[in-house]
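Only one structure is covered here, and it is reproduced in the block below.
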Amino acid sequence: MSGTGMGQWPADVGIVGLQIIFPSQFVDQTELEAFDGVSAGKYTIGLGQHRMGFCSDREDINSLCLTAVRKLLDEAKIPLSRIGRLEVGTETIVDKSKSVKSVLMQLFEPEGVTDLEGIDTTNACYGGTAALLNAINWIESSSWDGRLALVVCGDIAVYAQGSARPTGGAGAVAMLIGPDAPLRFERGLRATYMKHAYDFYKPDLSSEYPVVDGKLSIQCYLSALDACYQLYRKKFAQRHPDILTPVTLDTFDAVIFHSPYCKLVQKSLARIGLNDFVLMPPEQRAKQFPGFEQFANVRLEDTYFDRDVEKAFMAQYASVFAAKTKRSLHLASQVGNMYTPSVYSCLVSLLIGSDVDELLGKRVGVFSYGSGLASSMYSIAVTTDRDRLAEFKRQLNYVQPLLDRRTKVDPAEFTKLMEVREKNNHAAPYEPSGSVDVLFPGTYYLKSVDSMHRRTYERVPPEQPSS
């Protein structure tokens, strides 16, 4: 049944390889504020966003995922026959029938690999997490044949011109999932909350742009966080009856979140603190939260837009945010909302922003959210093997230099490029006009779409390693 003997679970299932890609072009959010004629700081301070990566018409969801998967396969240096499952999480749909996964199969053709389970999974920003949980479930099931799983989350987040546009972004994350992983998913500690809501959705299949109810979206996100966190607490208590203290923010050494924009993540960390406060016995509360008496009878469902509560708890947890969450927002602030890869870009940011010794043996809380709505909270335990973690982190050494190599585009040019995307969203036949020269080495790009909507891709030659 598994590599550890009949009837046993494979040990320490989790992430054994991790790669991220993002667009080679960005727009500066300070410049975008001026261009849009909004007050200075609206996007940078108000939303916590500094730069936004974007794709011209040269890149689509297929090319992003091709680039990410190829990068992971090149880094992993394993025979392709060692992979038994490949699943894609995305909400960037270019075809209602043909999956992105099927396009990725061309990477496996040279080695004749066709026995690969998995397909695309879609629900707003949650599809990547669903694909990841499916991969873990497969490895921990009687279907598992001893091979690794590959999960790719990718999206291009674009909004119509206006107040939502600065919350766009793009990127893809590819993860290799298997046993004996340096980033282990803690078994039995997965809490999920699903509900019907029209907070953000894409009913117009001819457009890349969503319909967004901004206020409802925030309420849905925060209520999902409340529900997932409280269920995680219950599951933890059941799983660890020997640990008498309940789960609080202290249980986690780091907490990462799906990041539509960075300011919401800061509010969400404080929101977990508010949950701790509400669930705490009154005598303990008086000790831990002096001066918070006016919030004694507060109900979570009344506080989504309560500025007094929000302000008090954000101030109370400012140092906790700085210690446990802030460094995970580096890519989110520099690239923007990637949709399905968003929370995993936060994992990458946490890894590249921390020293090996800061991460060894630590527990990372993860909250994933997708509108409509679907959400989960789980935790990752980091290995205590220093060499193993150092090698895992080394594979991400390219991330910051690549961020620094991006090309800045002024807001007027960015707006023109977005108009080209909008106008030619489903055009066929179509020859993209975006520059290939600005793309990073190794990037797949859309060469053309023929009259039957068949897409052809080419690749920018990868950089040759210096001898």
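Letters A, B, ... go to the chains of the structure tokens in the order shown; residues in each chain start at 1; ligands are counted from 1 in the same order.
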
ask   = Within 12 Å of Arg165 of chain A, counting only C-alpha atoms, which residues qualify if same-chain residues fewer than 5 places away don't, as a list in words?
value = Val27, Gln29, Leu32, Glu33, Asp36, Tyr43, Leu47, Gln49, Met52, Gly53, Phe54, Ala157, Val158, Tyr159, Ala160, Tyr209, Pro210, Val212, Pro260, Tyr261, Gly336, Asn337, Pro411, Phe414, Thr415 and Met418 of chain A

request  = Tell me, as a list of chain:residue names, which residues lie within 10 Å of Cys55 of chain A, counting only C-alpha atoms; anything in the same chain fewer than 3 positions away does not count.
outcome  = A:Phe22, A:Pro23, A:Ser24, A:Gln25, A:Phe26, A:Arg58, A:Glu59, A:Asp60, A:Leu64, A:Ile156, A:Ala157, A:Val158, A:Gly169, A:Ala170, A:Gly171, A:Phe414, A:Leu417, A:Met418, A:Arg421, A:Gly434, A:Leu439

List as JSON lines every residue of segment 138-249 of chain A that is in contact with segment 282-301 of chain A, defined as an atom at most 10 Å from one of its atoms (using only C-alpha atoms), together with the nearest atom pair and the distance in Å rounded to one decimal, sorted by chain and then rising number.
{"residue": "A:Gln219", "atom": "CA", "partner": "A:Glu301", "partner_atom": "CA", "distance": 9.0}
{"residue": "A:Leu222", "atom": "CA", "partner": "A:Glu301", "partner_atom": "CA", "distance": 9.4}
{"residue": "A:Ser223", "atom": "CA", "partner": "A:Glu301", "partner_atom": "CA", "distance": 7.4}
{"residue": "A:Asp226", "atom": "CA", "partner": "A:Leu300", "partner_atom": "CA", "distance": 8.0}

Just-selected residues, N, CA and C atoms written as a CSV table (one decimal), in the first residue's frame:
chain,number,residue,atom,x,y,z
A,219,GLN,N,-16.1,40.6,4.2
A,219,GLN,CA,-16.9,39.9,5.2
A,219,GLN,C,-16.8,38.3,5.1
A,222,LEU,N,-13.2,37.2,6.2
A,222,LEU,CA,-13.0,37.2,7.6
A,222,LEU,C,-13.9,36.1,8.3
A,223,SER,N,-15.1,35.9,7.9
A,223,SER,CA,-16.0,34.9,8.5
A,223,SER,C,-15.5,33.5,8.2
A,226,ASP,N,-12.6,33.0,10.7
A,226,ASP,CA,-13.1,32.7,12.0
A,226,ASP,C,-13.5,31.2,12.1

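Residue nearest Phe440 of chain A within the list A:Thr456, A:Asp145, A:Tyr198, A:Ile21: A:Ile21 [criterion: smallest interatomic distance, only C-alpha atoms].
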
Residues near Lys263 of chain A, cut-off 12 Å, only C-alpha atoms, skip fewer than 5 positions along chain, as a list in words =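 Within the cut-off, the hits are Lys42, Tyr43, Thr44, Ile45, Gly46, Leu47, Gly48, Gln49, His50, Thr167, Ile218, Phe257, His258, Ser268, Leu269, Ala270, Glu310, Met314, Phe321, Thr325, Lys326, Leu329, Ala332, Ser333 and Gly336 of chain A.
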
ask   = Within 7 Å of segment 178-189 of chain A, counting only C-alpha atoms, which residues qualify if same-chain residues fewer than 6 places away don't, as a PyMOL selection string?
value = chain A and resi 10-16+148-149+232+235-236+378-383+388-389

File of the preceding selection, N, CA and C atoms, as a PDB file, in the first residue's frame:
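As a result, selection_35.pdb now contains:
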ATOM      1  N   PRO A  10       2.328   6.546   4.375  1.00  0.00           N
ATOM      2  CA  PRO A  10       3.670   7.036   4.050  1.00  0.00           C
ATOM      3  C   PRO A  10       4.018   8.155   5.040  1.00  0.00           C
ATOM      4  N   ALA A  11       5.263   8.223   5.442  1.00  0.00           N
ATOM      5  CA  ALA A  11       5.635   9.169   6.499  1.00  0.00           C
ATOM      6  C   ALA A  11       5.890  10.567   5.945  1.00  0.00           C
ATOM      7  N   ASP A  12       5.484  11.574   6.717  1.00  0.00           N
ATOM      8  CA  ASP A  12       5.880  12.975   6.473  1.00  0.00           C
ATOM      9  C   ASP A  12       5.569  13.453   5.054  1.00  0.00           C
ATOM     10  N   VAL A  13       4.318  13.304   4.636  1.00  0.00           N
ATOM     11  CA  VAL A  13       3.916  13.742   3.295  1.00  0.00           C
ATOM     12  C   VAL A  13       3.848  15.271   3.271  1.00  0.00           C
ATOM     13  N   GLY A  14       4.422  15.861   2.225  1.00  0.00           N
ATOM     14  CA  GLY A  14       4.414  17.317   2.128  1.00  0.00           C
ATOM     15  C   GLY A  14       5.154  17.783   0.890  1.00  0.00           C
ATOM     16  N   ILE A  15       5.710  18.989   0.978  1.00  0.00           N
ATOM     17  CA  ILE A  15       6.352  19.622  -0.173  1.00  0.00           C
ATOM     18  C   ILE A  15       7.827  19.243  -0.217  1.00  0.00           C
ATOM     19  N   VAL A  16       8.232  18.572  -1.306  1.00  0.00           N
ATOM     20  CA  VAL A  16       9.644  18.183  -1.458  1.00  0.00           C
ATOM     21  C   VAL A  16      10.375  19.067  -2.475  1.00  0.00           C
ATOM     22  N   LEU A 148       5.708  10.454  -7.111  1.00  0.00           N
ATOM     23  CA  LEU A 148       5.482  11.797  -6.572  1.00  0.00           C
ATOM     24  C   LEU A 148       4.299  12.453  -7.279  1.00  0.00           C
ATOM     25  N   ALA A 149       3.743  13.482  -6.659  1.00  0.00           N
ATOM     26  CA  ALA A 149       2.690  14.283  -7.291  1.00  0.00           C
ATOM     27  C   ALA A 149       3.238  15.672  -7.581  1.00  0.00           C
ATOM     28  N   TYR A 232     -10.018  24.396  13.383  1.00  0.00           N
ATOM     29  CA  TYR A 232      -8.631  23.934  13.542  1.00  0.00           C
ATOM     30  C   TYR A 232      -8.329  23.721  15.035  1.00  0.00           C
ATOM     31  N   LYS A 235      -9.900  20.475  16.132  1.00  0.00           N
ATOM     32  CA  LYS A 235      -9.196  19.304  15.605  1.00  0.00           C
ATOM     33  C   LYS A 235      -7.853  19.107  16.319  1.00  0.00           C
ATOM     34  N   PHE A 236      -7.197  20.219  16.624  1.00  0.00           N
ATOM     35  CA  PHE A 236      -5.919  20.140  17.333  1.00  0.00           C
ATOM     36  C   PHE A 236      -6.129  19.522  18.723  1.00  0.00           C
ATOM     37  N   TYR A 378      -4.750  24.879   7.598  1.00  0.00           N
ATOM     38  CA  TYR A 378      -3.971  23.688   7.943  1.00  0.00           C
ATOM     39  C   TYR A 378      -2.614  24.157   8.448  1.00  0.00           C
ATOM     40  N   SER A 379      -1.764  23.219   8.813  1.00  0.00           N
ATOM     41  CA  SER A 379      -0.442  23.624   9.286  1.00  0.00           C
ATOM     42  C   SER A 379       0.651  22.753   8.685  1.00  0.00           C
ATOM     43  N   ILE A 380       1.801  23.389   8.524  1.00  0.00           N
ATOM     44  CA  ILE A 380       2.988  22.754   7.960  1.00  0.00           C
ATOM     45  C   ILE A 380       4.056  22.702   9.040  1.00  0.00           C
ATOM     46  N   ALA A 381       4.645  21.526   9.229  1.00  0.00           N
ATOM     47  CA  ALA A 381       5.766  21.389  10.167  1.00  0.00           C
ATOM     48  C   ALA A 381       7.065  21.353   9.358  1.00  0.00           C
ATOM     49  N   VAL A 382       7.982  22.236   9.704  1.00  0.00           N
ATOM     50  CA  VAL A 382       9.267  22.322   8.989  1.00  0.00           C
ATOM     51  C   VAL A 382      10.235  21.301   9.587  1.00  0.00           C
ATOM     52  N   THR A 383      11.003  20.647   8.720  1.00  0.00           N
ATOM     53  CA  THR A 383      11.964  19.630   9.156  1.00  0.00           C
ATOM     54  C   THR A 383      12.934  20.162  10.219  1.00  0.00           C
ATOM     55  N   ARG A 388      19.024  19.472   5.101  1.00  0.00           N
ATOM     56  CA  ARG A 388      17.890  19.268   4.179  1.00  0.00           C
ATOM     57  C   ARG A 388      17.169  20.600   3.933  1.00  0.00           C
ATOM     58  N   LEU A 389      16.952  21.355   4.995  1.00  0.00           N
ATOM     59  CA  LEU A 389      16.252  22.634   4.862  1.00  0.00           C
ATOM     60  C   LEU A 389      17.111  23.653   4.104  1.00  0.00           C
TER      61      LEU A 389
END

request  = Just list the residues in segment 5-152 of chain A DSSP gives strand (DSSP E or B) on the backbone, as a VMD selection string.
outcome  = chain A and resid 14 to 21 25 to 28 51 to 54 83 to 89 117 120 to 121 123 125 148 to 152

note = re atom CA of Ser207 of chain A and atom CA of His426 of chain A: distance 8.5 Å

query = Taking the backbone alone, and naming residues the way the document does, which bits of segment 159-383 of chain A are alpha helix (DSSP H) by DSSP, as an NGL selection string?
reply = :A and (214-239 or 262-279 or 282-288 or 307-316 or 318-324 or 330-335 or 342-352 or 356-359)

Could you save the residues just selected, with C-alpha atoms, as a PDB file, in the first residue's frame?
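Final file, part37.pdb:
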ATOM      1  CA  GLY A 214     -15.949  44.471  -2.276  1.00  0.00           C
ATOM      2  CA  LYS A 215     -17.619  44.783   1.120  1.00  0.00           C
ATOM      3  CA  LEU A 216     -19.187  41.319   0.995  1.00  0.00           C
ATOM      4  CA  SER A 217     -15.844  39.881  -0.116  1.00  0.00           C
ATOM      5  CA  ILE A 218     -14.094  41.153   3.023  1.00  0.00           C
ATOM      6  CA  GLN A 219     -16.926  39.865   5.235  1.00  0.00           C
ATOM      7  CA  CYS A 220     -16.789  36.437   3.554  1.00  0.00           C
ATOM      8  CA  TYR A 221     -13.000  36.241   3.931  1.00  0.00           C
ATOM      9  CA  LEU A 222     -13.036  37.172   7.630  1.00  0.00           C
ATOM     10  CA  SER A 223     -16.006  34.930   8.508  1.00  0.00           C
ATOM     11  CA  ALA A 224     -14.282  32.027   6.722  1.00  0.00           C
ATOM     12  CA  LEU A 225     -11.113  32.729   8.714  1.00  0.00           C
ATOM     13  CA  ASP A 226     -13.116  32.679  11.989  1.00  0.00           C
ATOM     14  CA  ALA A 227     -14.763  29.368  11.086  1.00  0.00           C
ATOM     15  CA  CYS A 228     -11.574  27.654   9.889  1.00  0.00           C
ATOM     16  CA  TYR A 229      -9.536  28.803  12.871  1.00  0.00           C
ATOM     17  CA  GLN A 230     -12.110  27.631  15.408  1.00  0.00           C
ATOM     18  CA  LEU A 231     -12.434  24.245  13.693  1.00  0.00           C
ATOM     19  CA  TYR A 232      -8.631  23.934  13.542  1.00  0.00           C
ATOM     20  CA  ARG A 233      -8.565  24.543  17.315  1.00  0.00           C
ATOM     21  CA  LYS A 234     -11.088  21.712  17.850  1.00  0.00           C
ATOM     22  CA  LYS A 235      -9.196  19.304  15.605  1.00  0.00           C
ATOM     23  CA  PHE A 236      -5.919  20.140  17.333  1.00  0.00           C
ATOM     24  CA  ALA A 237      -7.481  19.418  20.753  1.00  0.00           C
ATOM     25  CA  GLN A 238      -8.798  16.062  19.505  1.00  0.00           C
ATOM     26  CA  ARG A 239      -5.469  15.184  17.916  1.00  0.00           C
ATOM     27  CA  CYS A 262      -1.365  43.015   2.089  1.00  0.00           C
ATOM     28  CA  LYS A 263      -3.428  45.228   4.388  1.00  0.00           C
ATOM     29  CA  LEU A 264      -6.180  42.571   4.577  1.00  0.00           C
ATOM     30  CA  VAL A 265      -3.576  40.047   5.754  1.00  0.00           C
ATOM     31  CA  GLN A 266      -2.479  42.366   8.571  1.00  0.00           C
ATOM     32  CA  LYS A 267      -6.130  42.696   9.608  1.00  0.00           C
ATOM     33  CA  SER A 268      -6.529  38.910   9.409  1.00  0.00           C
ATOM     34  CA  LEU A 269      -3.617  38.206  11.754  1.00  0.00           C
ATOM     35  CA  ALA A 270      -5.219  40.600  14.265  1.00  0.00           C
ATOM     36  CA  ARG A 271      -8.529  38.817  13.605  1.00  0.00           C
ATOM     37  CA  ILE A 272      -7.070  35.528  14.884  1.00  0.00           C
ATOM     38  CA  GLY A 273      -6.043  37.490  17.988  1.00  0.00           C
ATOM     39  CA  LEU A 274      -9.656  38.685  18.298  1.00  0.00           C
ATOM     40  CA  ASN A 275     -10.787  35.041  18.117  1.00  0.00           C
ATOM     41  CA  ASP A 276      -8.335  34.149  20.890  1.00  0.00           C
ATOM     42  CA  PHE A 277      -9.762  37.026  22.970  1.00  0.00           C
ATOM     43  CA  VAL A 278     -13.404  36.011  22.436  1.00  0.00           C
ATOM     44  CA  LEU A 279     -12.716  32.323  23.188  1.00  0.00           C
ATOM     45  CA  PRO A 282     -12.799  36.067  31.331  1.00  0.00           C
ATOM     46  CA  GLU A 283     -10.250  35.847  34.180  1.00  0.00           C
ATOM     47  CA  GLN A 284      -7.435  35.029  31.737  1.00  0.00           C
ATOM     48  CA  ARG A 285      -8.645  37.773  29.376  1.00  0.00           C
ATOM     49  CA  ALA A 286      -8.287  40.440  32.068  1.00  0.00           C
ATOM     50  CA  LYS A 287      -4.647  39.422  32.550  1.00  0.00           C
ATOM     51  CA  GLN A 288      -3.705  39.167  28.895  1.00  0.00           C
ATOM     52  CA  ARG A 307     -13.167  50.151  13.170  1.00  0.00           C
ATOM     53  CA  ASP A 308     -12.679  50.393  16.962  1.00  0.00           C
ATOM     54  CA  VAL A 309     -12.219  46.638  17.345  1.00  0.00           C
ATOM     55  CA  GLU A 310     -10.034  46.455  14.242  1.00  0.00           C
ATOM     56  CA  LYS A 311      -7.792  49.311  15.373  1.00  0.00           C
ATOM     57  CA  ALA A 312      -7.409  48.005  18.923  1.00  0.00           C
ATOM     58  CA  PHE A 313      -6.496  44.474  17.881  1.00  0.00           C
ATOM     59  CA  MET A 314      -4.190  45.556  15.037  1.00  0.00           C
ATOM     60  CA  ALA A 315      -2.293  47.703  17.558  1.00  0.00           C
ATOM     61  CA  GLN A 316      -2.287  44.874  20.124  1.00  0.00           C
ATOM     62  CA  ALA A 318       1.439  44.704  15.632  1.00  0.00           C
ATOM     63  CA  SER A 319       4.559  43.009  17.018  1.00  0.00           C
ATOM     64  CA  VAL A 320       3.090  39.525  16.393  1.00  0.00           C
ATOM     65  CA  PHE A 321       2.337  40.510  12.778  1.00  0.00           C
ATOM     66  CA  ALA A 322       5.914  41.769  12.396  1.00  0.00           C
ATOM     67  CA  ALA A 323       7.330  38.533  13.831  1.00  0.00           C
ATOM     68  CA  LYS A 324       5.049  35.899  12.288  1.00  0.00           C
ATOM     69  CA  HIS A 330       7.245  40.263   0.273  1.00  0.00           C
ATOM     70  CA  LEU A 331       6.136  38.775  -3.054  1.00  0.00           C
ATOM     71  CA  ALA A 332       2.514  39.809  -2.480  1.00  0.00           C
ATOM     72  CA  SER A 333       3.572  43.453  -2.126  1.00  0.00           C
ATOM     73  CA  GLN A 334       6.017  43.292  -5.069  1.00  0.00           C
ATOM     74  CA  VAL A 335       3.942  41.262  -7.563  1.00  0.00           C
ATOM     75  CA  SER A 342      -1.079  33.748  -3.633  1.00  0.00           C
ATOM     76  CA  VAL A 343      -0.799  31.891  -0.317  1.00  0.00           C
ATOM     77  CA  TYR A 344       2.062  29.750  -1.707  1.00  0.00           C
ATOM     78  CA  SER A 345       3.920  32.884  -2.800  1.00  0.00           C
ATOM     79  CA  CYS A 346       3.664  33.814   0.889  1.00  0.00           C
ATOM     80  CA  LEU A 347       5.285  30.487   1.779  1.00  0.00           C
ATOM     81  CA  VAL A 348       8.116  31.249  -0.678  1.00  0.00           C
ATOM     82  CA  SER A 349       8.505  34.743   0.838  1.00  0.00           C
ATOM     83  CA  LEU A 350       8.663  33.282   4.349  1.00  0.00           C
ATOM     84  CA  LEU A 351      11.351  30.806   3.267  1.00  0.00           C
ATOM     85  CA  ILE A 352      13.555  33.325   1.440  1.00  0.00           C
ATOM     86  CA  VAL A 356      17.574  28.293   8.171  1.00  0.00           C
ATOM     87  CA  ASP A 357      17.852  28.301  11.973  1.00  0.00           C
ATOM     88  CA  GLU A 358      14.753  30.514  12.314  1.00  0.00           C
ATOM     89  CA  LEU A 359      12.702  27.906  10.427  1.00  0.00           C
TER      90      LEU A 359
END

ask   = Could you name the residues that touch segment 76-89 of chain A at 9 Å or less, counting only C-alpha atoms, but leaving out those on the same chain fewer than 2 positions away, as an MDAnalysis selection string?
value = chainID A and resid 17 65 71:74 91 99:101 104 108 111:123 125:132 134:135 138 144:155 176 340:341

Go ahead and save the residues from that selection, with C-alpha atoms, as a PDB file, in the first residue's frame.
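The resulting file, part-v9.pdb, is reproduced below:
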ATOM      1  CA  GLY A  17      10.214  20.769  -4.213  1.00  0.00           C
ATOM      2  CA  CYS A  65       2.073  26.891 -16.031  1.00  0.00           C
ATOM      3  CA  LYS A  71      11.407  25.138 -13.947  1.00  0.00           C
ATOM      4  CA  LEU A  72      10.461  22.625 -11.252  1.00  0.00           C
ATOM      5  CA  LEU A  73      11.307  19.605 -13.428  1.00  0.00           C
ATOM      6  CA  ASP A  74      14.692  21.098 -14.387  1.00  0.00           C
ATOM      7  CA  GLU A  91      -9.410  30.306 -12.249  1.00  0.00           C
ATOM      8  CA  SER A  99      -7.680  21.553 -19.290  1.00  0.00           C
ATOM      9  CA  VAL A 100      -4.402  23.355 -18.657  1.00  0.00           C
ATOM     10  CA  LYS A 101      -3.166  19.970 -17.402  1.00  0.00           C
ATOM     11  CA  LEU A 104       1.254  20.519 -19.778  1.00  0.00           C
ATOM     12  CA  PHE A 108       6.140  14.715 -20.555  1.00  0.00           C
ATOM     13  CA  GLU A 111       9.999  10.594 -22.114  1.00  0.00           C
ATOM     14  CA  GLY A 112       6.760   8.905 -23.205  1.00  0.00           C
ATOM     15  CA  VAL A 113       5.023   9.544 -19.874  1.00  0.00           C
ATOM     16  CA  THR A 114       1.225   9.431 -20.224  1.00  0.00           C
ATOM     17  CA  ASP A 115       0.167   7.719 -16.974  1.00  0.00           C
ATOM     18  CA  LEU A 116      -0.476  10.886 -14.952  1.00  0.00           C
ATOM     19  CA  GLU A 117      -3.614  11.254 -12.839  1.00  0.00           C
ATOM     20  CA  GLY A 118      -5.192  14.626 -12.024  1.00  0.00           C
ATOM     21  CA  ILE A 119      -6.842  17.429 -13.949  1.00  0.00           C
ATOM     22  CA  ASP A 120      -7.748  21.131 -13.398  1.00  0.00           C
ATOM     23  CA  THR A 121      -9.484  22.269 -10.218  1.00  0.00           C
ATOM     24  CA  THR A 122     -11.394  25.558 -10.193  1.00  0.00           C
ATOM     25  CA  ASN A 123     -12.885  27.779  -7.528  1.00  0.00           C
ATOM     26  CA  CYS A 125      -8.266  31.495  -5.404  1.00  0.00           C
ATOM     27  CA  TYR A 126      -8.863  28.138  -3.668  1.00  0.00           C
ATOM     28  CA  GLY A 127      -8.279  25.840  -6.673  1.00  0.00           C
ATOM     29  CA  GLY A 128      -4.552  25.520  -5.963  1.00  0.00           C
ATOM     30  CA  THR A 129      -5.176  24.411  -2.387  1.00  0.00           C
ATOM     31  CA  ALA A 130      -7.811  21.909  -3.568  1.00  0.00           C
ATOM     32  CA  ALA A 131      -5.274  20.497  -6.054  1.00  0.00           C
ATOM     33  CA  LEU A 132      -2.660  20.300  -3.298  1.00  0.00           C
ATOM     34  CA  ASN A 134      -5.979  16.089  -3.666  1.00  0.00           C
ATOM     35  CA  ALA A 135      -2.289  15.309  -4.207  1.00  0.00           C
ATOM     36  CA  TRP A 138      -3.668  10.485  -3.339  1.00  0.00           C
ATOM     37  CA  TRP A 144      -0.808   5.537  -4.487  1.00  0.00           C
ATOM     38  CA  ASP A 145       1.830   3.699  -6.524  1.00  0.00           C
ATOM     39  CA  GLY A 146       4.914   5.167  -4.864  1.00  0.00           C
ATOM     40  CA  ARG A 147       5.427   8.055  -7.298  1.00  0.00           C
ATOM     41  CA  LEU A 148       5.482  11.797  -6.572  1.00  0.00           C
ATOM     42  CA  ALA A 149       2.690  14.283  -7.291  1.00  0.00           C
ATOM     43  CA  LEU A 150       3.146  17.638  -8.987  1.00  0.00           C
ATOM     44  CA  VAL A 151       0.774  20.505  -8.208  1.00  0.00           C
ATOM     45  CA  VAL A 152       0.769  23.751 -10.146  1.00  0.00           C
ATOM     46  CA  CYS A 153      -1.222  26.846  -9.151  1.00  0.00           C
ATOM     47  CA  GLY A 154      -1.317  29.666 -11.665  1.00  0.00           C
ATOM     48  CA  ASP A 155      -3.410  32.716 -12.523  1.00  0.00           C
ATOM     49  CA  LEU A 176       6.447  18.531  -5.869  1.00  0.00           C
ATOM     50  CA  THR A 340      -4.417  30.479  -6.617  1.00  0.00           C
ATOM     51  CA  PRO A 341      -0.645  30.784  -6.006  1.00  0.00           C
TER      52      PRO A 341
END

A:Gly442, A:Pro241, A:Pro203, A:Pro110 ranked by distance to Glu458 of chain A, top pick (using only C-alpha atoms) = A:Gly442

key: Residue nearest Leu133 of chain A among A:Ser371, A:Thr192, A:Asp437, A:Gln464 (counting only C-alpha atoms)   =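 Ranking A:Ser371, A:Thr192, A:Asp437, A:Gln464 by distance to Leu133 of chain A, first place goes to A:Thr192.
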
request  = Point out the residue among A:Val420, A:Ile136, A:Ala172, A:Ala124 with the least atom-to-atom distance to Ser63 of chain A, counting only C-alpha atoms.
outcome  =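 Ranked by minimum distance to Ser63 of chain A, first place goes to A:Ala172.
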
query = Using only C-alpha atoms, which of A:Arg70, A:Ser143, A:Thr303, A:Gln400 sits nearest Gly353 of chain A?
reply = A:Gln400
